[in-house]
>>> print(open('upload-v4.tsv').read())   # TSV, N, CA and C atoms
chain	number	residue	atom	x	y	z
U	6	MET	N	-11.00	6.95	-13.77
U	6	MET	CA	-10.19	8.12	-13.50
U	6	MET	C	-8.86	7.95	-14.25
U	7	ASN	N	-8.45	8.97	-14.99
U	7	ASN	CA	-7.16	8.85	-15.69
U	7	ASN	C	-6.01	9.05	-14.71
U	8	LEU	N	-4.82	8.65	-15.14
U	8	LEU	CA	-3.65	8.64	-14.26
U	8	LEU	C	-3.31	10.03	-13.72
U	9	ALA	N	-3.30	11.04	-14.59
U	9	ALA	CA	-2.93	12.40	-14.16
U	9	ALA	C	-3.90	12.92	-13.11
U	10	THR	N	-5.19	12.71	-13.33
U	10	THR	CA	-6.20	13.16	-12.36
U	10	THR	C	-6.05	12.41	-11.05
U	11	GLY	N	-5.86	11.10	-11.14
U	11	GLY	CA	-5.69	10.29	-9.94
U	11	GLY	C	-4.48	10.69	-9.12
U	12	LEU	N	-3.35	10.92	-9.79
U	12	LEU	CA	-2.14	11.35	-9.08
U	12	LEU	C	-2.36	12.68	-8.37
U	13	ARG	N	-2.98	13.63	-9.06
U	13	ARG	CA	-3.24	14.95	-8.48
U	13	ARG	C	-4.14	14.82	-7.24
U	14	GLU	N	-5.24	14.05	-7.38
U	14	GLU	CA	-6.18	13.90	-6.27
U	14	GLU	C	-5.54	13.20	-5.07
U	15	TYR	N	-4.79	12.12	-5.32
U	15	TYR	CA	-4.17	11.39	-4.22
U	15	TYR	C	-3.04	12.20	-3.58
U	16	ALA	N	-2.34	13.01	-4.36
U	16	ALA	CA	-1.30	13.87	-3.78
U	16	ALA	C	-1.91	14.88	-2.82
U	17	ILE	N	-3.02	15.47	-3.22
U	17	ILE	CA	-3.70	16.44	-2.34
U	17	ILE	C	-4.24	15.76	-1.10
U	18	THR	N	-4.85	14.60	-1.29
U	18	THR	CA	-5.37	13.85	-0.14
U	18	THR	C	-4.24	13.48	0.82
U	19	SER	N	-3.14	12.98	0.29
U	19	SER	CA	-2.00	12.59	1.14
U	19	SER	C	-1.41	13.79	1.87
U	20	ALA	N	-1.30	14.90	1.17
U	20	ALA	CA	-0.64	16.09	1.74
U	20	ALA	C	-1.48	16.78	2.81
U	21	PHE	N	-2.80	16.75	2.65
U	21	PHE	CA	-3.63	17.59	3.51
U	21	PHE	C	-4.74	16.86	4.28
U	22	HIS	N	-5.08	15.63	3.91
U	22	HIS	CA	-6.25	14.99	4.50
U	22	HIS	C	-5.99	13.62	5.12
U	23	ASP	N	-4.75	13.14	5.10
U	23	ASP	CA	-4.43	11.84	5.71
U	23	ASP	C	-4.34	12.06	7.21
U	24	THR	N	-5.29	11.51	7.94
U	24	THR	CA	-5.37	11.76	9.38
U	24	THR	C	-4.22	11.15	10.18
U	25	ARG	N	-3.40	10.33	9.55
U	25	ARG	CA	-2.24	9.76	10.26
U	25	ARG	C	-1.13	10.78	10.43
U	26	PHE	N	-1.18	11.86	9.64
U	26	PHE	CA	-0.09	12.85	9.63
U	26	PHE	C	-0.66	14.27	9.69
U	27	SER	N	0.17	15.19	10.15
U	27	SER	CA	-0.20	16.61	10.09
U	27	SER	C	-0.14	17.07	8.64
U	28	PRO	N	-1.01	18.00	8.24
U	28	PRO	CA	-0.94	18.53	6.87
U	28	PRO	C	0.43	19.15	6.58
U	29	ILE	N	0.86	19.06	5.35
U	29	ILE	CA	2.14	19.63	4.94
U	29	ILE	C	2.07	21.15	5.00
U	30	ARG	N	3.14	21.76	5.49
U	30	ARG	CA	3.23	23.23	5.54
U	30	ARG	C	4.16	23.70	4.43
U	31	ALA	N	3.95	24.92	3.97
U	31	ALA	CA	4.71	25.48	2.84
U	31	ALA	C	6.21	25.39	3.09
U	32	ARG	N	6.66	25.63	4.30
U	32	ARG	CA	8.10	25.62	4.59
U	32	ARG	C	8.72	24.22	4.47
U	33	GLU	N	7.89	23.17	4.50
U	33	GLU	CA	8.38	21.80	4.39
U	33	GLU	C	8.58	21.36	2.94
U	34	VAL	N	7.97	22.05	2.00
U	34	VAL	CA	7.97	21.62	0.60
U	34	VAL	C	9.38	21.36	0.04
U	35	PRO	N	10.36	22.25	0.26
U	35	PRO	CA	11.68	21.98	-0.32
U	35	PRO	C	12.35	20.69	0.18
U	36	GLN	N	11.92	20.15	1.31
U	36	GLN	CA	12.51	18.92	1.82
U	36	GLN	C	11.73	17.67	1.39
U	37	LEU	N	10.66	17.85	0.66
U	37	LEU	CA	9.81	16.72	0.30
U	37	LEU	C	10.33	15.95	-0.90
U	38	SER	N	9.92	14.71	-0.97
U	38	SER	CA	10.10	13.90	-2.17
U	38	SER	C	8.80	13.12	-2.35
U	39	CYS	N	8.63	12.59	-3.52
U	39	CYS	CA	7.40	11.88	-3.84
U	39	CYS	C	7.74	10.57	-4.53
U	40	SER	N	7.07	9.52	-4.12
U	40	SER	CA	7.19	8.23	-4.78
U	40	SER	C	5.80	7.80	-5.22
U	41	VAL	N	5.73	7.26	-6.40
U	41	VAL	CA	4.47	6.76	-6.94
U	41	VAL	C	4.69	5.32	-7.39
U	42	SER	N	3.81	4.46	-6.94
U	42	SER	CA	3.86	3.05	-7.35
U	42	SER	C	2.67	2.77	-8.25
U	43	LEU	N	2.96	2.39	-9.48
U	43	LEU	CA	1.93	1.97	-10.42
U	43	LEU	C	1.76	0.47	-10.27
U	44	LEU	N	0.58	0.04	-9.84
U	44	LEU	CA	0.33	-1.37	-9.55
U	44	LEU	C	-0.03	-2.11	-10.83
U	45	THR	N	0.63	-3.26	-11.04
U	45	THR	CA	0.46	-4.02	-12.28
U	45	THR	C	0.36	-5.51	-11.99
U	46	ASP	N	0.02	-6.27	-13.01
U	46	ASP	CA	0.10	-7.74	-12.99
U	46	ASP	C	-0.68	-8.38	-11.83
U	47	PHE	N	-1.92	-7.97	-11.66
U	47	PHE	CA	-2.77	-8.54	-10.60
U	47	PHE	C	-3.09	-10.00	-10.93
U	48	GLU	N	-2.96	-10.87	-9.92
U	48	GLU	CA	-3.24	-12.30	-10.09
U	48	GLU	C	-3.91	-12.84	-8.84
U	49	ASP	N	-4.94	-13.65	-9.01
U	49	ASP	CA	-5.52	-14.35	-7.87
U	49	ASP	C	-4.52	-15.38	-7.38
U	50	ALA	N	-4.31	-15.42	-6.08
U	50	ALA	CA	-3.36	-16.36	-5.49
U	50	ALA	C	-4.09	-17.65	-5.09
U	51	ASN	N	-3.32	-18.71	-4.99
U	51	ASN	CA	-3.84	-20.00	-4.52
U	51	ASN	C	-3.50	-20.15	-3.04
U	52	GLY	N	-4.13	-19.34	-2.21
U	52	GLY	CA	-3.88	-19.38	-0.78
U	52	GLY	C	-3.06	-18.20	-0.31
U	53	TYR	N	-3.02	-18.02	0.99
U	53	TYR	CA	-2.40	-16.83	1.56
U	53	TYR	C	-0.87	-16.84	1.51
U	54	LEU	N	-0.25	-17.96	1.16
U	54	LEU	CA	1.21	-18.02	1.06
U	54	LEU	C	1.70	-18.02	-0.39
U	55	ASP	N	0.81	-17.85	-1.34
U	55	ASP	CA	1.15	-17.93	-2.76
U	55	ASP	C	1.59	-16.57	-3.31
U	56	TRP	N	2.72	-16.09	-2.81
U	56	TRP	CA	3.31	-14.83	-3.27
U	56	TRP	C	4.75	-14.79	-2.78
U	57	LYS	N	5.55	-13.89	-3.34
U	57	LYS	CA	6.96	-13.82	-3.00
U	57	LYS	C	7.28	-12.47	-2.35
U	58	VAL	N	7.87	-12.52	-1.15
U	58	VAL	CA	8.30	-11.32	-0.43
U	58	VAL	C	9.30	-10.56	-1.29
U	59	GLY	N	9.11	-9.27	-1.43
U	59	GLY	CA	10.02	-8.43	-2.20
U	59	GLY	C	9.66	-8.33	-3.68
U	60	THR	N	8.80	-9.22	-4.15
U	60	THR	CA	8.36	-9.20	-5.55
U	60	THR	C	6.90	-8.78	-5.66
U	61	HIS	N	6.06	-9.36	-4.81
U	61	HIS	CA	4.63	-9.12	-4.90
U	61	HIS	C	4.12	-8.22	-3.78
U	62	GLY	N	3.21	-7.35	-4.16
U	62	GLY	CA	2.36	-6.69	-3.18
U	62	GLY	C	1.22	-7.65	-2.92
U	63	VAL	N	0.56	-7.51	-1.78
U	63	VAL	CA	-0.56	-8.38	-1.46
U	63	VAL	C	-1.77	-7.55	-1.08
U	64	TRP	N	-2.88	-7.94	-1.64
U	64	TRP	CA	-4.18	-7.33	-1.36
U	64	TRP	C	-5.06	-8.44	-0.84
U	65	ILE	N	-5.62	-8.26	0.36
U	65	ILE	CA	-6.47	-9.30	0.92
U	65	ILE	C	-7.90	-8.79	1.06
U	66	GLU	N	-8.80	-9.74	0.99
U	66	GLU	CA	-10.22	-9.47	1.20
U	66	GLU	C	-10.71	-10.49	2.21
U	67	PHE	N	-11.47	-10.01	3.20
U	67	PHE	CA	-12.03	-10.91	4.20
U	67	PHE	C	-13.32	-10.30	4.75
U	68	ARG	N	-14.06	-11.11	5.47
U	68	ARG	CA	-15.32	-10.66	6.07
U	68	ARG	C	-15.05	-10.22	7.51
U	69	LEU	N	-15.60	-9.06	7.85
U	69	LEU	CA	-15.46	-8.53	9.20
U	69	LEU	C	-16.81	-7.95	9.61
U	70	ARG	N	-17.40	-8.54	10.63
U	70	ARG	CA	-18.72	-8.11	11.09
U	70	ARG	C	-19.73	-8.05	9.94
U	71	GLY	N	-19.66	-9.08	9.08
U	71	GLY	CA	-20.60	-9.20	7.98
U	71	GLY	C	-20.31	-8.33	6.77
U	72	ARG	N	-19.23	-7.58	6.81
U	72	ARG	CA	-18.88	-6.70	5.69
U	72	ARG	C	-17.59	-7.16	5.03
U	73	ARG	N	-17.52	-6.94	3.72
U	73	ARG	CA	-16.29	-7.22	2.97
U	73	ARG	C	-15.26	-6.15	3.34
U	74	THR	N	-14.08	-6.58	3.74
U	74	THR	CA	-13.02	-5.68	4.16
U	74	THR	C	-11.76	-6.01	3.37
U	75	THR	N	-10.98	-4.98	3.04
U	75	THR	CA	-9.75	-5.19	2.28
U	75	THR	C	-8.59	-4.45	2.95
U	76	ALA	N	-7.40	-4.89	2.62
U	76	ALA	CA	-6.18	-4.21	3.05
U	76	ALA	C	-5.07	-4.61	2.09
U	77	THR	N	-4.09	-3.74	1.92
U	77	THR	CA	-2.99	-4.05	1.00
U	77	THR	C	-1.67	-3.52	1.53
U	78	PHE	N	-0.61	-4.17	1.11
U	78	PHE	CA	0.76	-3.69	1.30
U	78	PHE	C	1.46	-3.74	-0.05
U	79	LEU	N	2.21	-2.71	-0.36
U	79	LEU	CA	3.01	-2.67	-1.58
U	79	LEU	C	4.12	-3.72	-1.51
U	80	PRO	N	4.71	-4.08	-2.66
U	80	PRO	CA	5.72	-5.15	-2.68
U	80	PRO	C	6.90	-4.94	-1.73
U	81	GLU	N	7.30	-3.72	-1.49
U	81	GLU	CA	8.49	-3.49	-0.67
U	81	GLU	C	8.24	-3.55	0.84
U	82	ILE	N	7.00	-3.50	1.27
U	82	ILE	CA	6.70	-3.36	2.71
U	82	ILE	C	7.17	-4.56	3.53
U	83	ALA	N	6.80	-5.77	3.15
U	83	ALA	CA	7.18	-6.95	3.94
U	83	ALA	C	8.70	-7.07	4.05
U	84	GLU	N	9.39	-6.83	2.93
U	84	GLU	CA	10.85	-6.94	2.94
U	84	GLU	C	11.48	-5.85	3.82
U	85	GLU	N	11.01	-4.61	3.70
U	85	GLU	CA	11.53	-3.51	4.52
U	85	GLU	C	11.33	-3.78	6.01
U	86	GLN	N	10.20	-4.38	6.36
U	86	GLN	CA	9.89	-4.65	7.77
U	86	GLN	C	10.52	-5.94	8.29
U	87	GLY	N	11.05	-6.76	7.39
U	87	GLY	CA	11.64	-8.03	7.80
U	87	GLY	C	10.60	-9.07	8.17
U	88	TRP	N	9.40	-8.95	7.59
U	88	TRP	CA	8.31	-9.87	7.91
U	88	TRP	C	8.33	-11.11	7.02
U	89	SER	N	7.91	-12.21	7.60
U	89	SER	CA	7.64	-13.42	6.82
U	89	SER	C	6.29	-13.24	6.12
U	90	LYS	N	5.94	-14.19	5.27
U	90	LYS	CA	4.62	-14.13	4.61
U	90	LYS	C	3.50	-14.15	5.65
U	91	LYS	N	3.63	-15.06	6.61
U	91	LYS	CA	2.59	-15.20	7.64
U	91	LYS	C	2.47	-13.91	8.47
U	92	GLU	N	3.60	-13.32	8.86
U	92	GLU	CA	3.57	-12.07	9.62
U	92	GLU	C	2.93	-10.95	8.80
U	93	THR	N	3.23	-10.92	7.51
U	93	THR	CA	2.66	-9.90	6.63
U	93	THR	C	1.14	-10.02	6.59
U	94	ILE	N	0.65	-11.24	6.42
U	94	ILE	CA	-0.79	-11.46	6.39
U	94	ILE	C	-1.42	-11.03	7.71
U	95	ASP	N	-0.78	-11.36	8.83
U	95	ASP	CA	-1.31	-10.97	10.14
U	95	ASP	C	-1.36	-9.45	10.26
U	96	HIS	N	-0.32	-8.76	9.80
U	96	HIS	CA	-0.32	-7.29	9.84
U	96	HIS	C	-1.41	-6.71	8.94
U	97	LEU	N	-1.63	-7.34	7.79
U	97	LEU	CA	-2.71	-6.88	6.90
U	97	LEU	C	-4.08	-7.08	7.54
U	98	LEU	N	-4.28	-8.20	8.19
U	98	LEU	CA	-5.55	-8.42	8.88
U	98	LEU	C	-5.77	-7.34	9.95
U	99	ARG	N	-4.73	-7.04	10.71
U	99	ARG	CA	-4.85	-5.98	11.73
U	99	ARG	C	-5.09	-4.62	11.07
U	100	LYS	N	-4.38	-4.35	9.98
U	100	LYS	CA	-4.58	-3.10	9.24
U	100	LYS	C	-6.03	-2.96	8.79
U	101	GLY	N	-6.64	-4.08	8.40
U	101	GLY	CA	-8.03	-4.09	7.96
U	101	GLY	C	-9.04	-4.07	9.10
U	102	GLY	N	-8.57	-4.09	10.34
U	102	GLY	CA	-9.47	-3.98	11.48
U	102	GLY	C	-9.81	-5.28	12.18
U	103	PHE	N	-9.18	-6.38	11.79
U	103	PHE	CA	-9.45	-7.67	12.43
U	103	PHE	C	-8.81	-7.67	13.82
U	104	GLU	N	-9.63	-7.84	14.87
U	104	GLU	CA	-9.13	-7.74	16.24
U	104	GLU	C	-9.13	-9.05	17.01
U	105	LEU	N	-9.73	-10.09	16.44
U	105	LEU	CA	-9.77	-11.39	17.12
U	105	LEU	C	-8.44	-12.11	16.96
U	106	PRO	N	-8.25	-13.21	17.69
U	106	PRO	CA	-7.03	-14.00	17.49
U	106	PRO	C	-6.93	-14.47	16.03
U	107	ILE	N	-5.73	-14.42	15.48
U	107	ILE	CA	-5.51	-14.83	14.09
U	107	ILE	C	-5.00	-16.26	14.09
U	108	THR	N	-5.79	-17.12	13.49
U	108	THR	CA	-5.45	-18.55	13.41
U	108	THR	C	-5.20	-18.92	11.95
U	109	ASP	N	-4.71	-20.15	11.72
U	109	ASP	CA	-4.53	-20.62	10.34
U	109	ASP	C	-5.87	-20.69	9.61
U	110	ASP	N	-6.95	-20.98	10.33
U	110	ASP	CA	-8.28	-20.98	9.70
U	110	ASP	C	-8.65	-19.59	9.21
U	111	VAL	N	-8.35	-18.57	10.01
U	111	VAL	CA	-8.62	-17.18	9.60
U	111	VAL	C	-7.78	-16.85	8.37
U	112	ARG	N	-6.49	-17.15	8.43
U	112	ARG	CA	-5.60	-16.86	7.29
U	112	ARG	C	-6.09	-17.57	6.02
U	113	SER	N	-6.50	-18.83	6.17
U	113	SER	CA	-6.94	-19.61	5.01
U	113	SER	C	-8.26	-19.11	4.43
U	114	SER	N	-9.01	-18.35	5.20
U	114	SER	CA	-10.32	-17.87	4.72
U	114	SER	C	-10.22	-16.60	3.88
U	115	ILE	N	-9.06	-15.96	3.86
U	115	ILE	CA	-8.95	-14.72	3.09
U	115	ILE	C	-8.81	-15.01	1.60
U	116	LYS	N	-9.20	-14.05	0.81
U	116	LYS	CA	-8.95	-14.08	-0.63
U	116	LYS	C	-7.74	-13.17	-0.85
U	117	LEU	N	-6.68	-13.70	-1.44
U	117	LEU	CA	-5.46	-12.93	-1.65
U	117	LEU	C	-5.24	-12.69	-3.14
U	118	THR	N	-4.97	-11.47	-3.47
U	118	THR	CA	-4.56	-11.10	-4.82
U	118	THR	C	-3.14	-10.57	-4.72
U	119	ARG	N	-2.26	-11.08	-5.54
U	119	ARG	CA	-0.87	-10.59	-5.56
U	119	ARG	C	-0.72	-9.66	-6.77
U	120	TYR	N	0.22	-8.74	-6.65
U	120	TYR	CA	0.49	-7.82	-7.75
U	120	TYR	C	1.94	-7.37	-7.69
U	121	GLN	N	2.36	-6.71	-8.72
U	121	GLN	CA	3.69	-6.11	-8.75
U	121	GLN	C	3.53	-4.61	-8.91
U	122	SER	N	4.61	-3.87	-8.81
U	122	SER	CA	4.50	-2.43	-9.00
U	122	SER	C	5.76	-1.89	-9.65
U	123	LYS	N	5.56	-0.78	-10.26
U	123	LYS	CA	6.66	-0.02	-10.85
U	123	LYS	C	6.70	1.29	-10.09
U	124	LYS	N	7.82	1.56	-9.42
U	124	LYS	CA	7.92	2.70	-8.52
U	124	LYS	C	8.82	3.76	-9.12
U	125	GLN	N	8.37	5.00	-9.03
U	125	GLN	CA	9.15	6.15	-9.46
U	125	GLN	C	9.29	7.11	-8.29
U	126	HIS	N	10.43	7.78	-8.22
U	126	HIS	CA	10.72	8.69	-7.11
U	126	HIS	C	11.23	10.01	-7.67
U	127	LEU	N	10.82	11.11	-7.06
U	127	LEU	CA	11.24	12.44	-7.49
U	127	LEU	C	11.36	13.34	-6.27
U	128	SER	N	12.51	13.98	-6.10
U	128	SER	CA	12.67	14.94	-5.00
U	128	SER	C	12.12	16.29	-5.45
U	129	TYR	N	11.89	17.18	-4.51
U	129	TYR	CA	11.42	18.51	-4.86
U	129	TYR	C	12.46	19.23	-5.72
U	130	ALA	N	13.73	19.08	-5.39
U	130	ALA	CA	14.80	19.71	-6.18
U	130	ALA	C	14.77	19.21	-7.63
U	131	GLU	N	14.57	17.91	-7.80
U	131	GLU	CA	14.47	17.36	-9.16
U	131	GLU	C	13.25	17.90	-9.89
U	132	TYR	N	12.15	18.05	-9.15
U	132	TYR	CA	10.93	18.60	-9.74
U	132	TYR	C	11.17	20.04	-10.21
U	133	VAL	N	11.77	20.85	-9.36
U	133	VAL	CA	12.05	22.25	-9.73
U	133	VAL	C	12.95	22.30	-10.96
U	134	GLU	N	13.99	21.48	-10.98
U	134	GLU	CA	14.89	21.45	-12.13
U	134	GLU	C	14.15	21.03	-13.41
U	135	MET	N	13.33	20.03	-13.28
U	135	MET	CA	12.58	19.52	-14.43
U	135	MET	C	11.58	20.55	-14.97
U	136	THR	N	10.88	21.22	-14.07
U	136	THR	CA	9.86	22.17	-14.52
U	136	THR	C	10.45	23.49	-14.98
U	137	SER	N	11.60	23.87	-14.49
U	137	SER	CA	12.23	25.13	-14.92
U	137	SER	C	12.92	24.97	-16.27
U	138	ALA	N	13.20	23.75	-16.66
U	138	ALA	CA	13.86	23.49	-17.95
U	138	ALA	C	12.89	23.62	-19.13
U	139	LYS	N	11.61	23.69	-18.85
U	139	LYS	CA	10.60	23.77	-19.93
U	139	LYS	C	10.47	25.16	-20.49
>>> encode(input="upload-v4.tsv", output="structure tokens")
Amino acid sequence: MNLATGLREYAITSAFHDTRFSPIRAREVPQLSCSVSLLTDFEDANGYLDWKVGTHGVWIEFRLRGRRTTATFLPEIAEEQGWSKKETIDHLLRKGGFELPITDDVRSSIKLTRYQSKKQHLSYAEYVEMTSAK
């Protein structure tokens, strides 16, 4: 999928189909802003602590009820939440549906991929200004 198509599809999905939130209404549009994170520099980590808070996003893979399960947090999430590396991993396991007690053995069994991102932000007002200038 090319970048433009992917952005369009994910914007529509986020705006209207993300079950965590109510769909966006037309009257809300002028107050909206959009941030896009382009994920880059993926690297296999040497264990669940082999990444830097505030620099790396983390993507984990683990087995849950016999199925491969994944979860990720962007680079800014752990720092914004004030989480340590261990707390971040625990939150990712919960995000991925892991409900049993989390031990060091569980943490050590995950496959962790670290990455970085380049984030861009645009408010609706900036969008209107940019598109009307064309």
>>> atom_distance(input="upload-v4.tsv", atom1="CA of Lys123 in chain U", atom2="atom C of Glu92 in chain U")
22.8 Å
>>> atom_distance(input="upload-v4.tsv", atom1="CA of Arg13 in chain U", atom2="CA of Thr77 in chain U")
21.2 Å
>>> axis_aligned_box(input="upload-v4.tsv", around="range 107-116 of chain U", padding_each_side="3 Å", output="JSON")
{"center_x": -7.4, "center_y": -17.1, "center_z": 7.3, "size_x": 11.8, "size_y": 13.8, "size_z": 22.3}
>>> closest_atom_pairs(input="upload-v4.tsv", of="range 56-90 of chain U", to="range 108-111 of chain U", cutoff="12 Å", atoms="only C-alpha atoms", output="JSON lines")
{"residue": "U:Ile65", "atom": "CA", "partner": "U:Val111", "partner_atom": "CA", "distance": 11.9}
{"residue": "U:Glu66", "atom": "CA", "partner": "U:Val111", "partner_atom": "CA", "distance": 11.5}
{"residue": "U:Phe67", "atom": "CA", "partner": "U:Val111", "partner_atom": "CA", "distance": 8.9}
{"residue": "U:Arg68", "atom": "CA", "partner": "U:Val111", "partner_atom": "CA", "distance": 10.0}
{"residue": "U:Leu69", "atom": "CA", "partner": "U:Val111", "partner_atom": "CA", "distance": 11.0}
>>> closest_atom_pairs(input="upload-v4.tsv", of="range 66-138 of chain U", to="range 34-55 of chain U", cutoff="5 Å", atoms="all atoms listed in the file", output="tab-separated table")
residue	atom	partner	partner_atom	distance
U:Leu117	C	U:Ala50	N	4.1
U:Thr118	CA	U:Glu48	C	4.4
U:Arg119	C	U:Glu48	N	4.1
U:Tyr120	CA	U:Asp46	C	4.3
U:Gln121	C	U:Thr45	N	3.8
U:Ser122	CA	U:Leu43	C	4.2
U:Lys123	C	U:Leu43	N	3.9
U:Lys124	CA	U:Ser42	CA	4.2
U:Gln125	C	U:Val41	N	4.0
U:His126	CA	U:Ser40	CA	4.3
U:Leu127	C	U:Cys39	N	3.9
U:Ser128	CA	U:Ser38	CA	4.0
U:Tyr129	N	U:Leu37	C	4.1
>>> write_last_selection(input="upload-v4.tsv", atoms="N, CA and C atoms", output="PDB file, in the frame of the given file")
ATOM      1  N   LEU U 117      -6.680 -13.700  -1.440  1.00  0.00           N
ATOM      2  CA  LEU U 117      -5.460 -12.930  -1.650  1.00  0.00           C
ATOM      3  C   LEU U 117      -5.240 -12.690  -3.140  1.00  0.00           C
ATOM      4  N   THR U 118      -4.970 -11.470  -3.470  1.00  0.00           N
ATOM      5  CA  THR U 118      -4.560 -11.100  -4.820  1.00  0.00           C
ATOM      6  C   THR U 118      -3.140 -10.570  -4.720  1.00  0.00           C
ATOM      7  N   ARG U 119      -2.260 -11.080  -5.540  1.00  0.00           N
ATOM      8  CA  ARG U 119      -0.870 -10.590  -5.560  1.00  0.00           C
ATOM      9  C   ARG U 119      -0.720  -9.660  -6.770  1.00  0.00           C
ATOM     10  N   TYR U 120       0.220  -8.740  -6.650  1.00  0.00           N
ATOM     11  CA  TYR U 120       0.490  -7.820  -7.750  1.00  0.00           C
ATOM     12  C   TYR U 120       1.940  -7.370  -7.690  1.00  0.00           C
ATOM     13  N   GLN U 121       2.360  -6.710  -8.720  1.00  0.00           N
ATOM     14  CA  GLN U 121       3.690  -6.110  -8.750  1.00  0.00           C
ATOM     15  C   GLN U 121       3.530  -4.610  -8.910  1.00  0.00           C
ATOM     16  N   SER U 122       4.610  -3.870  -8.810  1.00  0.00           N
ATOM     17  CA  SER U 122       4.500  -2.430  -9.000  1.00  0.00           C
ATOM     18  C   SER U 122       5.760  -1.890  -9.650  1.00  0.00           C
ATOM     19  N   LYS U 123       5.560  -0.780 -10.260  1.00  0.00           N
ATOM     20  CA  LYS U 123       6.660  -0.020 -10.850  1.00  0.00           C
ATOM     21  C   LYS U 123       6.700   1.290 -10.090  1.00  0.00           C
ATOM     22  N   LYS U 124       7.820   1.560  -9.420  1.00  0.00           N
ATOM     23  CA  LYS U 124       7.920   2.700  -8.520  1.00  0.00           C
ATOM     24  C   LYS U 124       8.820   3.760  -9.120  1.00  0.00           C
ATOM     25  N   GLN U 125       8.370   5.000  -9.030  1.00  0.00           N
ATOM     26  CA  GLN U 125       9.150   6.150  -9.460  1.00  0.00           C
ATOM     27  C   GLN U 125       9.290   7.110  -8.290  1.00  0.00           C
ATOM     28  N   HIS U 126      10.430   7.780  -8.220  1.00  0.00           N
ATOM     29  CA  HIS U 126      10.720   8.690  -7.110  1.00  0.00           C
ATOM     30  C   HIS U 126      11.230  10.010  -7.670  1.00  0.00           C
ATOM     31  N   LEU U 127      10.820  11.110  -7.060  1.00  0.00           N
ATOM     32  CA  LEU U 127      11.240  12.440  -7.490  1.00  0.00           C
ATOM     33  C   LEU U 127      11.360  13.340  -6.270  1.00  0.00           C
ATOM     34  N   SER U 128      12.510  13.980  -6.100  1.00  0.00           N
ATOM     35  CA  SER U 128      12.670  14.940  -5.000  1.00  0.00           C
ATOM     36  C   SER U 128      12.120  16.290  -5.450  1.00  0.00           C
ATOM     37  N   TYR U 129      11.890  17.180  -4.510  1.00  0.00           N
ATOM     38  CA  TYR U 129      11.420  18.510  -4.860  1.00  0.00           C
ATOM     39  C   TYR U 129      12.460  19.230  -5.720  1.00  0.00           C
TER      40      TYR U 129
END
>>> select_by_dssp(input="upload-v4.tsv", residues="chain U", states="helix (DSSP H, G or I)", output="PyMOL selection string")
chain U and resi 8-21+31-36+80-86+90-100+109-114+129-137
>>> atom_distance(input="upload-v4.tsv", atom1="CA of Phe21 in chain U", atom2="CA of Thr93 in chain U")
28.4 Å
>>> closest_residue(input="upload-v4.tsv", among="U:Lys116, U:Arg70, U:Arg30, U:His61", to="Ala83 in chain U", atoms="all atoms listed in the file")
U:His61
>>> residues_near_point(input="upload-v4.tsv", point="(7.3, -5.2, -0.3)", cutoff="9 Å", atoms="only C-alpha atoms", output="PyMOL selection string")
chain U and resi 58-63+78-86
>>> select_by_dssp(input="upload-v4.tsv", residues="chain U", states="strand (DSSP E)", output="PyMOL selection string")
chain U and resi 38-49+62-69+72-78+116-128
>>> closest_residue(input="upload-v4.tsv", among="U:Tyr15, U:Asn7, U:Val133, U:Ile94", to="Ser114 in chain U", atoms="only C-alpha atoms")
U:Ile94
>>> closest_residue(input="upload-v4.tsv", among="U:Pro28, U:Thr10, U:Gly71, U:Ala76", to="Gly101 in chain U", atoms="only N, CA and C atoms")
U:Ala76
>>> closest_residue(input="upload-v4.tsv", among="U:Thr18, U:Ser113, U:Thr75, U:Thr24", to="Lys100 in chain U", atoms="all atoms listed in the file")
U:Thr75
